[in-house]
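Novice: I'd like to ask you about the structure that follows.
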Amino acid sequence: AQPITLTAAAPGGERWNADLSVVDRDDVNVRRTAAGLRLREARSAGRSPRSPHSAVAEGMLLTAPRTLHRPATRVRADITASVPAGATVEAQVRGWRTSGWTEWRTAAAGAVFDRPVSRVQTRVVLTAPAGGATATVRGVQLTADATAAVSAATPGLTYRVYATRIGLVGELTANGRTVQPRDHFAALPSRRGLSPLNSGDYTVRVCTTTGARCEYAPVWDVGPWNTRDDYWNPSAVRENWKNLPQGRPEAQAAYQTGYNGGRDQFGRTVLNPAGIDLADGTFWDGLQLTTNAWVDVAYLWTGGGPRGVVGDGPLNIRTGASTSYPTRGLAARFANVPIQCYVTGQSVAGPYRTTTRWNRLAAGQYVSHAYISAVYGGTVPVC
């Protein structure tokens with residue numbers, strides 16, 4: 001393949017080069033060679049037909065966040081790479097603001113955020129046809145500057161979607177986690193809400209349709225079916241399938257109404273309407289499901305307010321501020337949970353402190369502050 005440059009250079013602003021030399025445990029299926037960054041294995045993982053991982057070989061390099069000299073609202077990327085037919089290279093970025101990280105956005109034409117960001121993180125995603133040639137990335141230059149902000153995802157919305165069980169114990173997720181028995185995480189069909197390894201930057205609250213059981217789970221995998229279907233976003237920012245209603249997964253539309261000829265983005269016939277995959281522990285223990293089911297999902301990073309990081313879990317969610325109250329579900333380790341307010345209740349000795357503080361996540365949902373490793377996004381009031 002001939003070298004090409006995928007460019008969208010900005011005339012000014014702060015510039016830096018992504019460090020492609022460090023490949024460590026938060027990177028997936030990539031390797032550094034003398035020629036540049038490449039896929040380590042140019043073959044797809046042995047996964048179930050509904051998984052996008054069975055359609056293409058893919059890999060990801062995650063760089064360390066960069067603190068900007070001044071806040072910016074736009075980040076652009078120049079990629080220097082050799083890209084053979086069928087392979088792809090994409091630079092994606094996200095920005096830190098007081099309420100947490102923005103979603104990931106493609107930076108080739110300029111990723112524009114909803115408000116100024118103070119830090120920027122970059123990831124480089126490579127794909128190739130199964131068994132095909134892989135791209136070689138020699139450099140990624142980023143430019144941060146200011147432009148008019150754009151609308152972000154609509155905050156605080158919940159959508160009813162169909163949930164399937166992931167299984168796949170022993171295999172790798174899209175962010176590099178080896179799936180454990182009775183694991184606790186979720187998969188969404190877009191990398192825009194994919195958390196880095198061992199983080200809950202993008203966390204969903206998944207509840208049964210009766211509301212009797214809920215789990216707060218980090219998003220650690222991509223799927224089911226699609227990889228570019230951020231259906232929770234409004235059409236103005238939705239990556240694909242912009243003519244579908246907000247909150248309608250493409251797979252659901254394909255299965256129920258024959259949208260896109262009844263096929264996913266890879267051309268496969270959609271066999272169920274799934275809009276979220278749940279790891280076994282989330283499915284069986286958090287929600288106590290026994291079969292695939294409709295669930296109510298909140299995409300918590302789209303909202304605001306204080307967030308608590310669950311440092312040890314899965315953590316029981318109680319109906320009141322004491323371990324004598326019944327459980328309503330679980331908050332997985334690393335989940336970033338919304339904290340509405342706090343109350344005084346039973347003293348609990350946990351890994352981070354001994355405290356009588358209990359955080360209310362939602363009506364009738366409390367967790368002990370003894371298990372919360374950090375709080376960000378604002379001051380938590382008294383209930």
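Residue numbering restarts at 1 for every chain of the structure tokens, chains are lettered A, B, ... in their displayed order, and ligands are numbered from 1 as they appear.
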Hey, could you make a per-residue contact list for stretch 194-214 of chain A against stretch 218-226 of chain A with 8 Å as the cut-off, showing the nearest pair of atoms and its distance in Å to one decimal, counting only C-alpha atoms, sorted by chain and number, as JSON lines?

Specialist:
```
{"residue": "A:Leu194", "atom": "CA", "partner": "A:Val219", "partner_atom": "CA", "distance": 5.6}
{"residue": "A:Ser195", "atom": "CA", "partner": "A:Trp220", "partner_atom": "CA", "distance": 5.6}
{"residue": "A:Pro196", "atom": "CA", "partner": "A:Trp220", "partner_atom": "CA", "distance": 7.3}
{"residue": "A:Leu197", "atom": "CA", "partner": "A:Trp220", "partner_atom": "CA", "distance": 7.2}
{"residue": "A:Ser199", "atom": "CA", "partner": "A:Pro218", "partner_atom": "CA", "distance": 7.2}
{"residue": "A:Gly200", "atom": "CA", "partner": "A:Pro218", "partner_atom": "CA", "distance": 4.6}
{"residue": "A:Asp201", "atom": "CA", "partner": "A:Pro218", "partner_atom": "CA", "distance": 7.3}
{"residue": "A:Tyr202", "atom": "CA", "partner": "A:Val219", "partner_atom": "CA", "distance": 5.8}
{"residue": "A:Thr203", "atom": "CA", "partner": "A:Pro218", "partner_atom": "CA", "distance": 4.2}
{"residue": "A:Val204", "atom": "CA", "partner": "A:Pro218", "partner_atom": "CA", "distance": 6.4}
```

Novice: At a cut-off of 7 Å, using only C-alpha atoms, what residues contact stretch 297-301 of chain A? Leave out same-chain residues fewer than 4 positions from it and give the result as a list in words.

Specialist: Leu157, Thr158, Tyr159, Arg160, Tyr202, Thr203, Val204, Arg205, Val206 and Cys207 of chain A

Novice: Run DSSP on the backbone and tell me which residues of stretch 52-288 of chain A come out as helix (DSSP H, G or I); list them as a list in words.

Specialist: Pro52, His53, Ser54, Arg191, Arg192, Gly193, Glu250, Ala251, Gln252, Ala253, Ala254, Tyr255, Gln256, Thr257, Tyr259, Asn260, Gly261, Gly262, Asp280, Gly281, Thr282, Phe283, Trp284, Asp285 and Gly286 of chain A

Novice: Mind checking which residues fall within 6 Å of A:Gly275, counting only C-alpha atoms, ignoring those fewer than 2 positions away in the same chain, and posting them as a VMD selection string?

Specialist: chain A and resid 161 to 162 249

Novice: Just to confirm, what's the straight-line distance from atom CA of A:Ala107 to atom CA of A:Val89 in Å (one decimal)?

Specialist: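 Computing it gives 11.4 Å between the two atoms.
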
Novice: Any idea what the distance is between atom CA of A:Ser190 and atom CA of A:Asn233?

Specialist: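 The value is 10.9 Å.
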
Novice: Which residue, A:Thr147, A:Thr173, A:Ser235, A:Thr379, has the smallest gap to A:Asp26 when you use only C-alpha atoms?

Specialist: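 Residue with the minimum atom-to-atom distance to A:Asp26: A:Thr173.
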
Novice: Fewer than 5 positions away in the same chain doesn't count, so skip those; otherwise give me all residues within 10 Å of A:Val120, counting only C-alpha atoms, as a PyMOL selection string.

Specialist: chain A and resi 63-68+71-72+75+93-97+101-102+142+144

Novice: Any chance you could export the current selection's all heavy atoms as a tab-separated table (two decimals), in the first residue's frame?

Specialist:
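Contents of result.tsv, as written:
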```tsv
chain	number	residue	atom	x	y	z
A	63	THR	N	-3.89	6.38	24.37
A	63	THR	CA	-2.79	7.20	24.84
A	63	THR	C	-3.12	7.80	26.20
A	63	THR	O	-4.28	7.81	26.64
A	63	THR	CB	-2.48	8.34	23.87
A	63	THR	OG1	-3.56	9.30	23.90
A	63	THR	CG2	-2.31	7.82	22.45
A	64	ALA	N	-2.11	8.32	26.87
A	64	ALA	CA	-2.33	9.02	28.13
A	64	ALA	C	-3.01	10.36	27.87
A	64	ALA	O	-2.76	10.99	26.83
A	64	ALA	CB	-0.99	9.25	28.84
A	65	PRO	N	-3.89	10.82	28.77
A	65	PRO	CA	-4.54	12.13	28.57
A	65	PRO	C	-3.51	13.25	28.55
A	65	PRO	O	-2.48	13.20	29.23
A	65	PRO	CB	-5.47	12.25	29.78
A	65	PRO	CG	-5.67	10.86	30.27
A	65	PRO	CD	-4.39	10.14	29.98
A	66	ARG	N	-3.80	14.28	27.76
A	66	ARG	CA	-2.94	15.46	27.68
A	66	ARG	C	-3.69	16.65	28.28
A	66	ARG	O	-4.84	16.93	27.89
A	66	ARG	CB	-2.57	15.78	26.23
A	66	ARG	CG	-1.74	17.07	26.09
A	66	ARG	CD	-1.49	17.40	24.63
A	66	ARG	NE	-0.80	18.68	24.47
A	66	ARG	CZ	0.52	18.82	24.46
A	66	ARG	NH1	1.30	17.76	24.62
A	66	ARG	NH2	1.07	20.01	24.29
A	67	THR	N	-3.06	17.34	29.21
A	67	THR	CA	-3.62	18.57	29.77
A	67	THR	C	-3.30	19.73	28.83
A	67	THR	O	-2.14	19.95	28.47
A	67	THR	CB	-3.04	18.86	31.16
A	67	THR	OG1	-3.37	17.76	32.02
A	67	THR	CG2	-3.63	20.13	31.73
A	68	LEU	N	-4.33	20.45	28.40
A	68	LEU	CA	-4.15	21.53	27.43
A	68	LEU	C	-3.66	22.80	28.11
A	68	LEU	O	-3.94	23.05	29.29
A	68	LEU	CB	-5.48	21.81	26.72
A	68	LEU	CG	-6.10	20.63	25.96
A	68	LEU	CD1	-7.45	21.05	25.38
A	68	LEU	CD2	-5.17	20.15	24.85
A	71	PRO	N	-8.28	25.82	27.55
A	71	PRO	CA	-9.44	25.00	27.16
A	71	PRO	C	-9.75	25.11	25.67
A	71	PRO	O	-9.51	26.14	25.04
A	71	PRO	CB	-10.57	25.57	28.02
A	71	PRO	CG	-9.89	26.18	29.20
A	71	PRO	CD	-8.60	26.74	28.66
A	72	ALA	N	-10.27	24.02	25.12
A	72	ALA	CA	-10.59	23.96	23.69
A	72	ALA	C	-11.96	23.31	23.51
A	72	ALA	O	-12.45	22.59	24.38
A	72	ALA	CB	-9.53	23.16	22.94
A	75	VAL	N	-10.99	19.33	18.50
A	75	VAL	CA	-9.72	18.63	18.32
A	75	VAL	C	-9.74	17.94	16.97
A	75	VAL	O	-10.69	17.22	16.64
A	75	VAL	CB	-9.47	17.60	19.44
A	75	VAL	CG1	-8.15	16.86	19.19
A	75	VAL	CG2	-9.45	18.26	20.80
A	93	VAL	N	-11.11	10.96	19.84
A	93	VAL	CA	-10.70	11.77	21.00
A	93	VAL	C	-11.90	11.99	21.93
A	93	VAL	O	-13.06	11.89	21.51
A	93	VAL	CB	-10.12	13.14	20.57
A	93	VAL	CG1	-8.84	12.96	19.78
A	93	VAL	CG2	-11.14	13.94	19.77
A	94	ARG	N	-11.57	12.29	23.17
A	94	ARG	CA	-12.58	12.72	24.13
A	94	ARG	C	-11.97	13.81	25.00
A	94	ARG	O	-10.74	13.94	25.08
A	94	ARG	CB	-13.06	11.56	25.00
A	94	ARG	CG	-11.99	10.94	25.88
A	94	ARG	CD	-12.57	9.86	26.78
A	94	ARG	NE	-11.58	9.28	27.69
A	94	ARG	CZ	-11.87	8.49	28.71
A	94	ARG	NH1	-13.14	8.18	28.96
A	94	ARG	NH2	-10.92	8.00	29.48
A	95	GLY	N	-12.82	14.62	25.63
A	95	GLY	CA	-12.34	15.73	26.43
A	95	GLY	C	-12.91	15.70	27.83
A	95	GLY	O	-14.05	15.27	28.06
A	96	TRP	N	-12.12	16.17	28.78
A	96	TRP	CA	-12.55	16.21	30.18
A	96	TRP	C	-13.14	17.57	30.53
A	96	TRP	O	-12.57	18.60	30.23
A	96	TRP	CB	-11.36	15.93	31.11
A	96	TRP	CG	-11.72	16.02	32.56
A	96	TRP	CD1	-11.58	17.11	33.38
A	96	TRP	CD2	-12.33	15.01	33.36
A	96	TRP	NE1	-12.06	16.82	34.64
A	96	TRP	CE2	-12.52	15.54	34.66
A	96	TRP	CE3	-12.72	13.69	33.11
A	96	TRP	CZ2	-13.08	14.79	35.70
A	96	TRP	CZ3	-13.28	12.96	34.15
A	96	TRP	CH2	-13.45	13.51	35.42
A	97	ARG	N	-14.33	17.54	31.13
A	97	ARG	CA	-14.92	18.74	31.70
A	97	ARG	C	-15.35	18.42	33.12
A	97	ARG	O	-15.20	17.28	33.55
A	97	ARG	CB	-16.09	19.23	30.86
A	97	ARG	CG	-17.16	18.18	30.58
A	97	ARG	CD	-17.59	18.21	29.13
A	97	ARG	NE	-18.73	17.51	28.66
A	97	ARG	CZ	-19.31	16.43	29.10
A	97	ARG	NH1	-18.95	15.87	30.21
A	97	ARG	NH2	-20.30	15.88	28.47
A	101	TRP	N	-15.90	12.89	31.42
A	101	TRP	CA	-15.44	12.80	30.03
A	101	TRP	C	-16.61	12.94	29.05
A	101	TRP	O	-17.71	12.44	29.31
A	101	TRP	CB	-14.76	11.47	29.77
A	101	TRP	CG	-13.42	11.31	30.41
A	101	TRP	CD1	-13.12	10.58	31.53
A	101	TRP	CD2	-12.18	11.88	29.97
A	101	TRP	NE1	-11.78	10.67	31.81
A	101	TRP	CE2	-11.17	11.45	30.87
A	101	TRP	CE3	-11.82	12.71	28.89
A	101	TRP	CZ2	-9.84	11.83	30.73
A	101	TRP	CZ3	-10.50	13.08	28.76
A	101	TRP	CH2	-9.51	12.65	29.67
A	102	THR	N	-16.35	13.61	27.94
A	102	THR	CA	-17.29	13.58	26.83
A	102	THR	C	-17.29	12.19	26.22
A	102	THR	O	-16.42	11.36	26.52
A	102	THR	CB	-16.88	14.58	25.74
A	102	THR	OG1	-15.67	14.12	25.11
A	102	THR	CG2	-16.67	15.97	26.30
A	142	LEU	N	-2.30	15.85	16.70
A	142	LEU	CA	-3.54	16.44	17.16
A	142	LEU	C	-3.42	17.95	17.23
A	142	LEU	O	-2.35	18.48	17.55
A	142	LEU	CB	-3.90	15.91	18.56
A	142	LEU	CG	-4.37	14.46	18.73
A	142	LEU	CD1	-5.57	14.16	17.84
A	142	LEU	CD2	-3.25	13.47	18.52
A	144	ALA	N	-5.70	21.20	18.90
A	144	ALA	CA	-6.85	21.65	19.71
A	144	ALA	C	-7.01	23.14	19.56
A	144	ALA	O	-6.05	23.90	19.65
A	144	ALA	CB	-6.63	21.29	21.17
```

Novice: Which residue gives the smallest distance to A:Arg328 among A:Tyr231, A:Trp104, A:Tyr216, A:Tyr259, with only C-alpha atoms counted?

Specialist: A:Tyr216

Novice: Tell me which protein, DNA and RNA residues are within 12 Å of A:Ala293, counting only C-alpha atoms, leaving out same-chain ones fewer than 6 positions away, and put them as JSON, numbers by chain.

Specialist: {"A": [160, 161, 162, 163, 164, 165, 206, 207, 208, 209, 210, 272, 273, 274, 275, 276, 277, 278, 283, 284, 287]}

Novice: Pick out the closest residue to A:Ala279 from this set: A:Ile79, A:Val56, A:Leu39, A:Val179. Count only C-alpha atoms.

Specialist: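 Using only C-alpha atoms, the shortest distance to A:Ala279 belongs to A:Val179.
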
Novice: List the neighbours of A:Pro381 out to 10 Å using only C-alpha atoms; skip same-chain residues closer than 6 positions along the sequence, and give me the result as a VMD selection string.

Specialist: chain A and resid 306 339 to 343 359
